[in-house]
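Visitor: What follows is model05.cif, mmCIF, C-alpha atoms.
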```cif
data_data
loop_
_atom_site.label_atom_id
_atom_site.label_comp_id
_atom_site.auth_asym_id
_atom_site.auth_seq_id
_atom_site.Cartn_x
_atom_site.Cartn_y
_atom_site.Cartn_z
CA MET A 1 -8.49 -8.95 37.33
CA GLU A 2 -12.07 -9.71 36.28
CA ALA A 3 -12.77 -5.99 35.96
CA SER A 4 -9.69 -5.60 33.77
CA GLY A 5 -10.91 -8.41 31.50
CA LEU A 6 -14.34 -6.78 31.19
CA LYS A 7 -12.70 -3.47 30.38
CA SER A 8 -10.60 -5.06 27.62
CA LEU A 9 -13.69 -6.77 26.22
CA SER A 10 -15.52 -3.45 26.22
CA GLN A 11 -12.67 -1.76 24.38
CA LEU A 12 -12.62 -4.59 21.82
CA GLN A 13 -16.33 -4.13 21.21
CA LEU A 14 -15.80 -0.39 20.74
CA LEU A 15 -13.03 -1.10 18.26
CA MET A 16 -15.22 -3.44 16.24
CA SER A 17 -17.96 -0.83 16.35
CA ASP A 18 -15.45 1.69 15.00
CA VAL A 19 -14.63 -0.60 12.06
CA ARG A 20 -18.30 -1.19 11.28
CA GLY A 21 -18.97 2.54 11.48
CA ALA A 22 -16.13 3.23 9.04
CA LEU A 23 -17.53 0.74 6.54
CA LYS A 24 -20.99 2.35 6.82
CA LEU A 25 -19.45 5.76 6.12
CA TRP A 26 -17.96 4.59 2.83
CA ARG A 27 -19.21 7.69 0.99
CA PHE A 28 -17.33 9.88 3.47
CA TRP A 29 -13.86 8.39 3.00
CA LEU A 30 -14.38 7.84 -0.73
CA HIS A 31 -15.09 11.55 -1.08
CA LEU A 32 -12.12 12.54 1.08
CA GLY A 33 -9.74 10.35 -0.93
CA LEU A 34 -10.95 11.81 -4.22
CA GLU A 35 -10.75 15.32 -2.83
CA ASP A 36 -7.12 14.69 -1.78
CA ILE A 37 -6.21 13.93 -5.42
CA LEU A 38 -8.11 16.93 -6.78
CA LYS A 39 -6.59 19.26 -4.17
CA GLN A 40 -3.07 18.09 -4.97
CA TYR A 41 -3.45 19.02 -8.65
CA ARG A 42 -5.81 21.98 -8.33
CA ARG A 43 -5.15 24.77 -10.89
CA SER A 44 -2.92 22.39 -12.86
CA PHE A 45 -3.65 22.18 -16.61
CA LEU A 46 -3.14 18.41 -16.87
CA GLY A 47 -4.13 17.59 -13.30
CA PRO A 48 -3.68 13.96 -12.17
CA VAL A 49 -2.45 13.06 -15.68
CA TRP A 50 0.95 14.20 -14.42
CA ILE A 51 1.02 11.00 -12.35
CA SER A 52 0.90 8.93 -15.53
CA ILE A 53 3.38 11.16 -17.35
CA ASN A 54 6.00 10.95 -14.58
CA THR A 55 5.59 7.19 -14.27
CA SER A 56 5.76 6.52 -18.01
CA ILE A 57 8.93 8.61 -18.42
CA PHE A 58 10.67 6.78 -15.59
CA ILE A 59 9.57 3.35 -16.83
CA GLY A 60 10.68 4.10 -20.39
CA ALA A 61 14.04 5.54 -19.37
CA PHE A 62 15.01 2.95 -16.78
CA GLY A 63 13.50 0.09 -18.76
CA LEU A 64 15.95 0.68 -21.61
CA ILE A 65 18.91 1.06 -19.24
CA GLY A 66 17.90 -1.80 -16.93
CA SER A 67 17.68 -4.31 -19.76
CA GLN A 68 21.29 -3.50 -20.63
CA VAL A 69 22.54 -3.47 -17.04
CA PHE A 70 20.93 -6.79 -16.11
CA LYS A 71 21.53 -8.25 -19.59
CA ILE A 72 17.89 -9.19 -20.11
CA ASP A 73 16.09 -8.93 -23.42
CA ILE A 74 13.96 -5.78 -23.60
CA GLN A 75 10.94 -7.89 -24.63
CA THR A 76 11.13 -9.64 -21.26
CA TYR A 77 12.48 -6.90 -19.01
CA LEU A 78 10.27 -3.93 -19.86
CA PRO A 79 6.90 -5.63 -19.14
CA PHE A 80 8.37 -7.08 -15.92
CA PHE A 81 9.76 -3.76 -14.74
CA CYS A 82 6.70 -1.75 -15.78
CA VAL A 83 4.25 -3.97 -13.87
CA SER A 84 6.62 -4.25 -10.89
CA HIS A 85 7.12 -0.50 -10.65
CA VAL A 86 3.42 0.39 -10.89
CA LEU A 87 2.42 -2.15 -8.23
CA PHE A 88 5.34 -1.49 -5.88
CA LEU A 89 4.68 2.24 -6.15
CA PHE A 90 1.17 1.59 -4.82
CA ILE A 91 2.41 -0.58 -1.94
CA SER A 92 5.23 1.75 -0.90
CA GLN A 93 3.06 4.87 -1.16
CA CYS A 94 0.40 3.26 1.03
CA ILE A 95 3.02 2.61 3.70
CA SER A 96 4.55 6.09 3.47
CA ASP A 97 1.20 7.88 3.52
CA SER A 98 0.08 5.79 6.49
CA CYS A 99 2.33 7.90 8.70
CA GLN A 100 -0.03 10.84 8.15
CA THR A 101 -3.29 8.90 8.47
CA PHE A 102 -4.45 10.66 11.63
CA ILE A 103 -2.06 13.61 11.71
CA GLY A 104 -3.38 14.76 8.35
CA SER A 105 -6.97 14.26 9.51
CA SER A 106 -6.63 16.08 12.83
CA ALA A 107 -9.15 18.77 11.83
CA PHE A 108 -11.87 16.13 11.44
CA LEU A 109 -10.96 14.11 14.53
CA LYS A 110 -10.82 17.13 16.83
CA GLN A 111 -14.28 18.34 15.87
CA THR A 112 -16.44 15.24 15.36
CA PRO A 113 -16.16 11.65 16.71
CA TYR A 114 -15.78 10.01 13.31
CA PRO A 115 -14.79 6.31 13.22
CA LYS A 116 -11.02 6.48 13.26
CA THR A 117 -10.49 3.55 10.90
CA ALA A 118 -12.35 5.54 8.21
CA PHE A 119 -9.24 7.69 7.80
CA GLY A 120 -7.11 4.60 7.25
CA LEU A 121 -9.47 3.59 4.45
CA ARG A 122 -9.18 7.11 3.06
CA VAL A 123 -5.42 6.68 2.62
CA ILE A 124 -5.77 3.34 0.83
CA TRP A 125 -8.55 4.61 -1.45
CA ARG A 126 -6.46 7.66 -2.39
CA ASN A 127 -3.55 5.46 -3.40
CA LEU A 128 -5.83 3.12 -5.34
CA LEU A 129 -6.95 6.15 -7.35
CA MET A 130 -3.33 7.12 -7.98
CA MET A 131 -2.52 3.58 -9.09
CA GLY A 132 -5.53 3.75 -11.40
CA HIS A 133 -3.75 6.50 -13.33
CA ASN A 134 -0.75 4.19 -13.85
CA ILE A 135 -2.61 0.98 -14.73
CA PRO A 136 -3.16 2.11 -18.38
CA ILE A 137 0.63 2.42 -18.78
CA ALA A 138 1.11 -1.20 -17.73
CA LEU A 139 -1.70 -2.32 -20.04
CA ILE A 140 -0.18 -0.45 -23.00
CA VAL A 141 3.24 -2.00 -22.38
CA LEU A 142 1.76 -5.49 -22.05
CA LEU A 143 -0.21 -4.97 -25.26
CA ALA A 144 2.82 -3.64 -27.13
CA PHE A 145 4.91 -6.67 -26.18
CA GLY A 146 2.14 -9.22 -26.74
CA ARG A 147 1.73 -10.10 -23.06
CA LEU A 148 -1.81 -8.84 -22.51
CA ASP A 149 -3.34 -12.28 -23.11
CA ASP A 150 -1.20 -13.66 -20.26
CA VAL A 151 -3.05 -11.59 -17.66
CA ARG A 152 -5.14 -13.64 -15.21
CA PRO A 153 -7.69 -11.17 -13.80
CA ILE A 154 -9.26 -13.30 -11.04
CA PRO A 155 -5.97 -14.20 -9.24
CA PHE A 156 -4.86 -10.59 -9.68
CA LEU A 157 -8.03 -9.21 -8.08
CA PHE A 158 -7.70 -11.70 -5.22
CA GLY A 159 -4.09 -10.66 -4.63
CA LEU A 160 -4.98 -6.97 -4.86
CA ALA A 161 -7.90 -7.33 -2.43
CA PHE A 162 -5.70 -9.15 0.09
CA THR A 163 -3.00 -6.49 -0.30
CA VAL A 164 -5.55 -3.71 0.21
CA VAL A 165 -6.81 -5.30 3.45
CA CYS A 166 -3.26 -5.56 4.80
CA ALA A 167 -2.48 -2.01 3.67
CA ALA A 168 -5.55 -0.75 5.56
CA LEU A 169 -4.25 -2.44 8.72
CA VAL A 170 -0.82 -0.85 8.19
CA SER A 171 -2.46 2.54 7.68
CA CYS A 172 -4.22 2.38 11.05
CA ILE A 173 -1.23 0.93 12.91
CA LEU A 174 1.36 3.37 11.57
CA GLY A 175 -1.10 6.26 11.77
CA ALA A 176 -1.58 5.70 15.51
CA LEU A 177 2.12 5.13 16.22
CA CYS A 178 3.21 8.18 14.21
CA ALA A 179 0.65 10.36 15.99
CA ARG A 180 2.33 9.40 19.29
CA PHE A 181 5.97 9.18 18.17
CA ARG A 182 6.76 11.84 15.57
CA ASP A 183 10.17 10.39 14.65
CA ILE A 184 8.62 7.28 13.09
CA PRO A 185 7.71 8.96 9.75
CA MET A 186 11.39 9.71 9.09
CA ILE A 187 12.32 6.14 9.97
CA VAL A 188 9.65 4.76 7.61
CA THR A 189 10.84 7.04 4.80
CA SER A 190 14.41 5.78 5.18
CA LEU A 191 13.31 2.15 5.31
CA MET A 192 11.17 2.48 2.18
CA GLN A 193 14.13 3.90 0.25
CA ILE A 194 16.15 0.82 1.19
CA ALA A 195 13.20 -1.52 0.52
CA MET A 196 13.09 -0.36 -3.10
CA PHE A 197 16.47 -2.04 -3.69
CA LEU A 198 15.83 -5.12 -1.54
CA THR A 199 12.56 -5.94 -3.31
CA PRO A 200 12.61 -7.49 -6.81
CA VAL A 201 11.26 -4.48 -8.67
CA MET A 202 14.20 -3.57 -10.90
CA TRP A 203 15.72 -7.03 -10.76
CA ASN A 204 14.36 -10.57 -10.87
CA ALA A 205 14.76 -12.93 -7.92
CA SER A 206 15.88 -15.68 -10.30
CA GLN A 207 19.09 -13.70 -10.92
CA LEU A 208 20.19 -14.29 -7.32
CA SER A 209 21.96 -17.29 -5.91
CA GLU A 210 19.92 -19.73 -3.84
CA ARG A 211 21.33 -18.32 -0.60
CA ALA A 212 20.78 -14.71 -1.66
CA GLN A 213 17.14 -15.47 -2.51
CA LEU A 214 16.54 -15.71 1.24
CA ILE A 215 16.35 -11.89 1.15
CA VAL A 216 13.31 -12.19 -1.09
CA HIS A 217 11.65 -15.02 0.85
CA VAL A 218 11.72 -13.10 4.16
CA ASN A 219 10.70 -9.78 2.61
CA PRO A 220 6.96 -9.13 3.13
CA LEU A 221 6.96 -6.48 0.40
CA ALA A 222 8.32 -9.01 -2.08
CA ALA A 223 5.56 -11.45 -1.10
CA PHE A 224 2.75 -8.97 -1.67
CA LEU A 225 4.37 -7.77 -4.88
CA ASP A 226 4.49 -11.34 -6.13
CA LEU A 227 0.81 -11.85 -5.23
CA VAL A 228 -0.30 -9.08 -7.58
CA ARG A 229 2.47 -9.15 -10.20
CA ALA A 230 2.62 -12.85 -11.04
CA PRO A 231 -1.00 -13.06 -12.29
CA VAL A 232 -0.49 -10.00 -14.49
CA LEU A 233 2.56 -11.57 -16.14
CA GLY A 234 0.82 -14.94 -16.46
CA GLU A 235 3.12 -16.59 -13.91
CA SER A 236 2.45 -18.65 -10.78
CA VAL A 237 2.80 -17.10 -7.35
CA HIS A 238 5.72 -18.57 -5.42
CA PRO A 239 4.62 -20.75 -2.44
CA TYR A 240 6.87 -18.69 -0.14
CA SER A 241 4.86 -15.61 -1.10
CA TYR A 242 1.62 -17.19 0.14
CA LEU A 243 3.27 -18.19 3.41
CA MET A 244 4.89 -14.82 4.02
CA ALA A 245 1.77 -12.86 3.06
CA GLY A 246 -0.40 -15.01 5.33
CA ALA A 247 2.02 -14.69 8.25
CA THR A 248 2.25 -10.92 7.70
CA PHE A 249 -1.55 -10.61 7.70
CA LEU A 250 -1.81 -12.43 11.05
CA ALA A 251 0.96 -10.27 12.52
CA LEU A 252 -0.72 -7.08 11.28
CA LEU A 253 -4.08 -8.19 12.65
CA LEU A 254 -2.55 -8.79 16.07
CA ALA A 255 -0.71 -5.46 15.94
CA PHE A 256 -3.87 -3.67 14.86
CA PHE A 257 -5.87 -4.91 17.85
CA THR A 258 -2.98 -4.31 20.25
CA VAL A 259 -2.12 -0.79 19.09
CA PHE A 260 -5.69 0.40 18.62
CA LEU A 261 -6.92 -0.96 21.94
CA GLN A 262 -4.15 1.06 23.63
CA SER A 263 -4.35 4.23 21.53
CA ARG A 264 -7.95 4.62 20.35
CA ARG A 265 -9.07 6.76 23.30
CA ARG A 266 -5.85 8.81 23.46
CA LEU A 267 -5.44 9.41 19.73
CA VAL A 268 -7.15 12.80 19.61
CA TYR A 269 -4.95 14.12 22.43
CA TRP A 270 -1.80 13.21 20.48
CA LEU A 271 -2.77 15.27 17.45
#
```
Translate the structure of the given file into structure tokens.
Guide:
Amino acid sequence: MEASGLKSLSQLQLLMSDVRGALKLWRFWLHLGLEDILKQYRRSFLGPVWISINTSIFIGAFGLIGSQVFKIDIQTYLPFFCVSHVLFLFISQCISDSCQTFIGSSAFLKQTPYPKTAFGLRVIWRNLLMMGHNIPIALIVLLAFGRLDDVRPIPFLFGLAFTVVCAALVSCILGALCARFRDIPMIVTSLMQIAMFLTPVMWNASQLSERAQLIVHVNPLAAFLDLVRAPVLGESVHPYSYLMAGATFLALLLAFFTVFLQSRRRLVYWL
């Protein structure tokens, strides 16, 4: 039993060493994330600008329809929906791409013993770059509707940093699980399609009855969305969002240590 405890301690030290190594190799995963974007739009005339074009068309089209469907003034609805869509797109894409964290990096992992968590950071950095192409759309909409002065940058950056840390944990957890169980990516894809409608992106939680708002309070995606969206719209983050986000972070941290301690040595053999 004592030997087992020493073995677990040794594995924990190796895991922490892996995380430190990934942070030291920041140039490596920053370059890989940027290269992913460039490769996706290579030989395209507009390149990554297509990201902004697609997003702006969808926001403009649905914003006009959504204000009529939900009977909300366009001056209120369009800034809300635009900011919600841009931020939720980042969160959902981080989760979806996490399924390929290690599968998509198998060529690197099979050849050189890189820190495995570096590839989780690669996924998050890539999606931050993609969100960066959509941020100007949100800023233009806020400026057009006179809401730009409502933005509170410091709370927004705090919420974004906390969301990025949790997304990095998700990237490593799902990446390891999907490398072992190849059906999980399809399950995640299906769940994210449902989550789009259960998260207040197109609709506002205040439109629901008090009982129905329980769906929002127990939804981790809604909590993280509120953390980053409320400061942009000049609103206060709901107390439930802080509680849910904090509880989710602790759960992810526990899952990260549990999954990685079990899978770190076997990960290459699953690819």
Visitor: Given the choices A:Thr76, A:Ser92, A:Asn204, A:Thr112, which gets closest to Pro220 of chain A if the distance is worked out from all atoms listed in the file?
Guide: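 Closest candidate: A:Ser92.
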Visitor: Using all atoms listed in the file, which of the listed residues (A:Ile194, A:Val123, A:Val201, A:Val218) sits closest to Ser241 of chain A?
Guide: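 Residue with the minimum atom-to-atom distance to Ser241 of chain A: A:Val218.
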Visitor: So that I can see what lies close to Ala195 of chain A, please list as a list of chain:residue names the residues with an atom at most 10 Å from it, counting only C-alpha atoms and leaving out residues fewer than 5 positions away in the same chain.
Guide: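 What passes the distance filter is A:Ser92, A:Thr189, A:Ser190, A:Pro200, A:Val201, A:Asn219, A:Leu221, A:Ala222.
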Visitor: Between A:Val83, A:Phe260, A:Ser209, A:Pro136, single out the one closest to Asp226 of chain A, counting all atoms listed in the file.
Guide: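 Among A:Val83, A:Phe260, A:Ser209, A:Pro136, it is A:Val83 that comes nearest to Asp226 of chain A.
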Visitor: Taking the file above as input, evaluate the PyMOL selection byres ((chain A and resi 135) around 12) and report the hits as a ChimeraX atom specification.
Guide: /A:51-52,55-56,82-87,89-90,128-134,136-142,232
Visitor: Please measure the separation of atom CA of Ile57 of chain A and atom CA of Arg147 of chain A, giving the value in Å to one decimal.
Guide: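 It comes out at 20.6 Å.
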Visitor: Could you state which residues are captured by the PyMOL selection byres ((chain A and resi 166-177) around 6) in this file, as an NGL selection string?
Guide: :A and (98-102 or 120-121 or 163-165 or 178-181 or 256)
Visitor: When distances are computed from all atoms listed in the file, which of A:Pro231, A:Tyr240, A:Asn127, A:Met186 shows the smallest separation from Val216 of chain A?
Guide: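 Residue with the minimum atom-to-atom distance to Val216 of chain A: A:Tyr240.
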Visitor: In Å to one decimal, how far is atom CA of Asn54 of chain A from atom CA of Phe145 of chain A?
Guide: 21.1 Å
Visitor: Between A:Val237, A:Ile91, A:Ala107, A:Leu261, which residue has the minimum interatomic distance to Ser10 of chain A, considering all atoms listed in the file?
Guide: A:Leu261
Visitor: Point out the residue among A:Trp203, A:Phe249, A:Trp26, A:Tyr242 with the least atom-to-atom distance to Gly66 of chain A, counting only C-alpha atoms.
Guide: A:Trp203
Visitor: Write out as a VMD selection string the residues lying within 7 Å of segment 28-45 of chain A, counting only C-alpha atoms and excluding same-chain residues fewer than 5 positions away.
Guide: chain A and resid 118 to 119 121 to 123 125 to 126
Visitor: One decimal, Å: what's the distance from atom CA of Phe70 of chain A over to atom CA of Ile215 of chain A, could you say?
Guide: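 Here the two named atoms are 18.6 Å from each other.
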